[in-house]
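Here the structure comes first, spelled out in structure tokens, and everything after it is commentary.
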Amino acid sequence: MKIKVQQKDLINHITIALKAVSSKTNISYHELINFKAKGDSLYLYSSDGEISIITKLDCRVEEEGNMAIKANIISNIIRKLPDDIVYIDCTNDKINIKCNKSNFNIIAFDYYQREENENFRGDHLTLDNMLIKNAVSQTEFATSTDETKLAFTGIFMECELNKINIVALDGYRIALKSIKKEYPSSYEGLKAIIPKRSLIEWQRIIDENSFTDIYKLENDMVFVSDDTIMYTRLIDKNYVDYKSLLVDNSEIHLLCDRREIINAIDRASLLSDSGSANLIRVKIVDNEIIINSNSQLGDVREVVKAKKEGKDLEIAFNANYISEGIRAIQTDKVSLNFKTDSTPCLVYPEENEDNEEYTFLVLPVRLANTKG
């Protein structure tokens, strides 16, 4: 295999391939990036068993062929080369890399590419990449880290009545992004649990000005954007009926400045007791939200102005749980909605985007006495 390629282009695509490389494995090919030169293109392939990535870039191919190399070695070498033409020659299990006045000779490994289903083209979903980035960032934080609740460690995708619902929950909160979108009839009723890490890596790979085609296979989901393809294994579990948990029976409605309440919660949590679920106590009185927390180190009181409909209320929350949901909202003002001190709080943007809706639910912390 002999190629000439621009250093900047090569390191960009190596960085993409690194997303599916694992160093925490006993399987040697999970530590490799595989190169294939064919036609006028260089294909990079990597897989860690859960995610597989194929990414393509233009290059001058003088001799077609393939090779494999330790991912950390090739990435470190190419990253430190100058922005110039890189010459790569693989002959007899030896790789020669030249660029400007640098000359490396390293060992090649046997080329390996897991057999992926390449016949996935057909009916698919298409979403703008900026929409995908927002949907992932607005939900991923609400997934569970408890591996005994495997379904909750992933992000649930559902197609229903020309809506694509993207959901995450961990038993204490639910984040739901709904996107109004037409899609092929074959995707009506789609339900899939996608590993959180897969979507986070895809979010990092894609160009926000492009789009992604999404294909559902039997056990995998395939994401395609520009010159990159990602296969991800799906989580084979049933998901909870989240819709039944999102019924809004609120009787108390608040509208407040998003940034002001985030800052107030952040300051209050500085003196919250980490051994007590990072607890903050919230009083809703007239048109004020009063946030209190205390620990052995002291106490703090914060006041945020709000427009209120309904009665006064005292309630308590895990500070991290409620603040993460409010941070995910992109409008200047947020709507907080309550019924009692023991029922969930529902959080919405002041106004939803066209064809998009966002809902966040967080459970309160039950206390014998919530007076702060």
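We name chains A, B, ... following the order of the structure tokens; residues begin at 1 in each chain, and ligands are numbered from 1 as shown.
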Open item on the list: DSSP on the backbone, strand (DSSP E or B) only: what residues of range 197-315 of chain A does that give? Format it as number ranges by chain.
Closed with: A: 211-216, 220-225, 228-233, 252-257, 279-285, 288-295, 298-309, 313-315
Task: Filtered DSSP result for range 141-295 of chain A, state helix (DSSP H, G or I), as a PyMOL selection string - done: chain A and resi 141-142+150-153+185-187+196-205+242-245+258-269+274-276
Taking a cut-off of 8 Å and counting only C-alpha atoms, can you build a table that, for each residue of range 196-269 of chain A near range 339-352 of chain A, reports the nearest atom pair and how far apart they are in Å (one decimal), sorted by chain then residue number, as a tab-separated table?
residue	atom	partner	partner_atom	distance
A:Asp248	CA	A:Leu346	CA	7.4
A:Asn249	CA	A:Lys339	CA	6.7
A:Ser250	CA	A:Lys339	CA	4.5
A:Glu251	CA	A:Lys339	CA	5.0
A:Ile252	CA	A:Lys339	CA	6.0
A:Leu255	CA	A:Glu350	CA	7.5
Open item on the list: Report as a list in words all protein, DNA and RNA residues lying within 7 Å of Ile33 in chain A, evaluated on only C-alpha atoms, omitting residues in the same chain fewer than 4 positions from it.
Closed with: Ala17, Leu44, Tyr45, Ser46, Ala68, Ile69, Lys70 and Ala71 of chain A
Task: Polymer residues at most 12 Å from range 3-10 of chain A, only C-alpha atoms, same-chain spacing of 5 or more positions, as an MDAnalysis selection string - done: chainID A and resid 15:17 35:44 55:67 74:90 95:100
Let me see the file: selected residues, C-alpha atoms, as a PDB file, in the first residue's frame.
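Saved to out_1.pdb:
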ATOM      1  CA  THR A  15      -9.572  11.327  15.372  1.00  0.00           C
ATOM      2  CA  ILE A  16     -12.947  10.059  14.151  1.00  0.00           C
ATOM      3  CA  ALA A  17     -11.727   6.441  14.023  1.00  0.00           C
ATOM      4  CA  PHE A  35      -6.368   1.367   6.641  1.00  0.00           C
ATOM      5  CA  LYS A  36      -7.525   0.429   3.143  1.00  0.00           C
ATOM      6  CA  ALA A  37      -6.376   2.353   0.041  1.00  0.00           C
ATOM      7  CA  LYS A  38      -8.656   1.911  -2.937  1.00  0.00           C
ATOM      8  CA  GLY A  39      -9.342   4.085  -5.975  1.00  0.00           C
ATOM      9  CA  ASP A  40      -8.815   7.695  -4.922  1.00  0.00           C
ATOM     10  CA  SER A  41      -9.771   7.119  -1.295  1.00  0.00           C
ATOM     11  CA  LEU A  42      -8.386   5.973   2.034  1.00  0.00           C
ATOM     12  CA  TYR A  43     -10.801   4.123   4.322  1.00  0.00           C
ATOM     13  CA  LEU A  44     -10.198   3.939   8.073  1.00  0.00           C
ATOM     14  CA  THR A  55     -14.579   6.930   7.666  1.00  0.00           C
ATOM     15  CA  LYS A  56     -13.286   7.902   4.212  1.00  0.00           C
ATOM     16  CA  LEU A  57     -11.010  10.654   2.930  1.00  0.00           C
ATOM     17  CA  ASP A  58      -9.543  11.603  -0.416  1.00  0.00           C
ATOM     18  CA  CYS A  59      -5.906  10.776  -1.055  1.00  0.00           C
ATOM     19  CA  ARG A  60      -3.534   9.904  -3.881  1.00  0.00           C
ATOM     20  CA  VAL A  61      -3.272   6.120  -4.067  1.00  0.00           C
ATOM     21  CA  GLU A  62      -0.108   4.934  -5.794  1.00  0.00           C
ATOM     22  CA  GLU A  63      -0.602   1.302  -4.814  1.00  0.00           C
ATOM     23  CA  GLU A  64      -3.822  -0.182  -3.438  1.00  0.00           C
ATOM     24  CA  GLY A  65      -3.664  -2.302  -0.325  1.00  0.00           C
ATOM     25  CA  ASN A  66      -4.380  -2.397   3.382  1.00  0.00           C
ATOM     26  CA  MET A  67      -2.664  -2.395   6.737  1.00  0.00           C
ATOM     27  CA  ILE A  74      -0.451   6.370  14.399  1.00  0.00           C
ATOM     28  CA  SER A  75      -2.479   9.143  16.020  1.00  0.00           C
ATOM     29  CA  ASN A  76       0.493  10.464  17.990  1.00  0.00           C
ATOM     30  CA  ILE A  77       2.783  10.363  14.955  1.00  0.00           C
ATOM     31  CA  ILE A  78       0.408  12.052  12.518  1.00  0.00           C
ATOM     32  CA  ARG A  79      -0.689  14.678  15.056  1.00  0.00           C
ATOM     33  CA  LYS A  80       2.901  15.809  15.619  1.00  0.00           C
ATOM     34  CA  LEU A  81       3.807  16.017  11.922  1.00  0.00           C
ATOM     35  CA  PRO A  82       3.779  19.388  10.145  1.00  0.00           C
ATOM     36  CA  ASP A  83       0.808  20.381   7.980  1.00  0.00           C
ATOM     37  CA  ASP A  84       2.270  18.947   4.794  1.00  0.00           C
ATOM     38  CA  ILE A  85       1.990  15.914   2.539  1.00  0.00           C
ATOM     39  CA  VAL A  86       2.373  12.583   4.364  1.00  0.00           C
ATOM     40  CA  TYR A  87       3.803   9.601   2.474  1.00  0.00           C
ATOM     41  CA  ILE A  88       2.823   6.141   3.766  1.00  0.00           C
ATOM     42  CA  ASP A  89       4.305   2.945   2.341  1.00  0.00           C
ATOM     43  CA  CYS A  90       3.415  -0.472   3.788  1.00  0.00           C
ATOM     44  CA  ILE A  95       5.204   0.806   7.571  1.00  0.00           C
ATOM     45  CA  ASN A  96       7.270   3.772   6.469  1.00  0.00           C
ATOM     46  CA  ILE A  97       5.830   7.232   7.186  1.00  0.00           C
ATOM     47  CA  LYS A  98       7.542  10.332   5.769  1.00  0.00           C
ATOM     48  CA  CYS A  99       6.612  13.985   6.054  1.00  0.00           C
ATOM     49  CA  ASN A 100       8.979  16.850   5.423  1.00  0.00           C
TER      50      ASN A 100
END
Task: Spatial neighbours of range 167-176 of chain A, 9 Å, only C-alpha atoms, chain gap at least 2 places, as JSON, numbers by chain - done: {"A": [135, 138, 139, 140, 141, 142, 143, 144, 145, 146, 149, 152, 153, 154, 155, 156, 157, 158, 165, 178, 242, 245, 246, 321, 322, 325, 344, 357, 358, 359, 360, 361, 362, 363, 364]}
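Compared by their closest atoms to Tyr231 in chain A, and using only C-alpha atoms, the residues A:Ile194, A:Val247, A:Ala151, A:Leu254 rank with A:Ile194 nearest.
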Task: Given only C-alpha atoms as the counted atoms, nearest of A:Leu336, A:Ala20, A:Leu150, A:Ile179 to Glu50 in chain A - done: A:Ala20
- [ ] Work out how far CA of Ser23 in chain A is from CA of Asn129 in chain A, in Å to one decimal.
- [x]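 These atoms are spaced 28.8 Å apart.
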Open item on the list: Here is a test: counting only C-alpha atoms, which residue of A:Ser137, A:Ser22, A:Asn119, A:Ser293 is nearest to Ala328 in chain A?
Closed with: A:Ser137
TODO: Provide the CA of Asn72 in chain A to CA of Glu147 in chain A distance in Å, to one decimal place.
DONE: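 Spanning CA of Asn72 in chain A to CA of Glu147 in chain A is a straight-line distance of 28.7 Å.
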Task: Distance query range 278-292 of chain A at most 12 Å, only C-alpha atoms, self and fewer than 6 positions along chain excluded, as a VMD selection string - done: chain A and resid 252 to 257 260 to 272 298 to 323 336 to 338 340 to 341 345 364 to 367 369 to 372
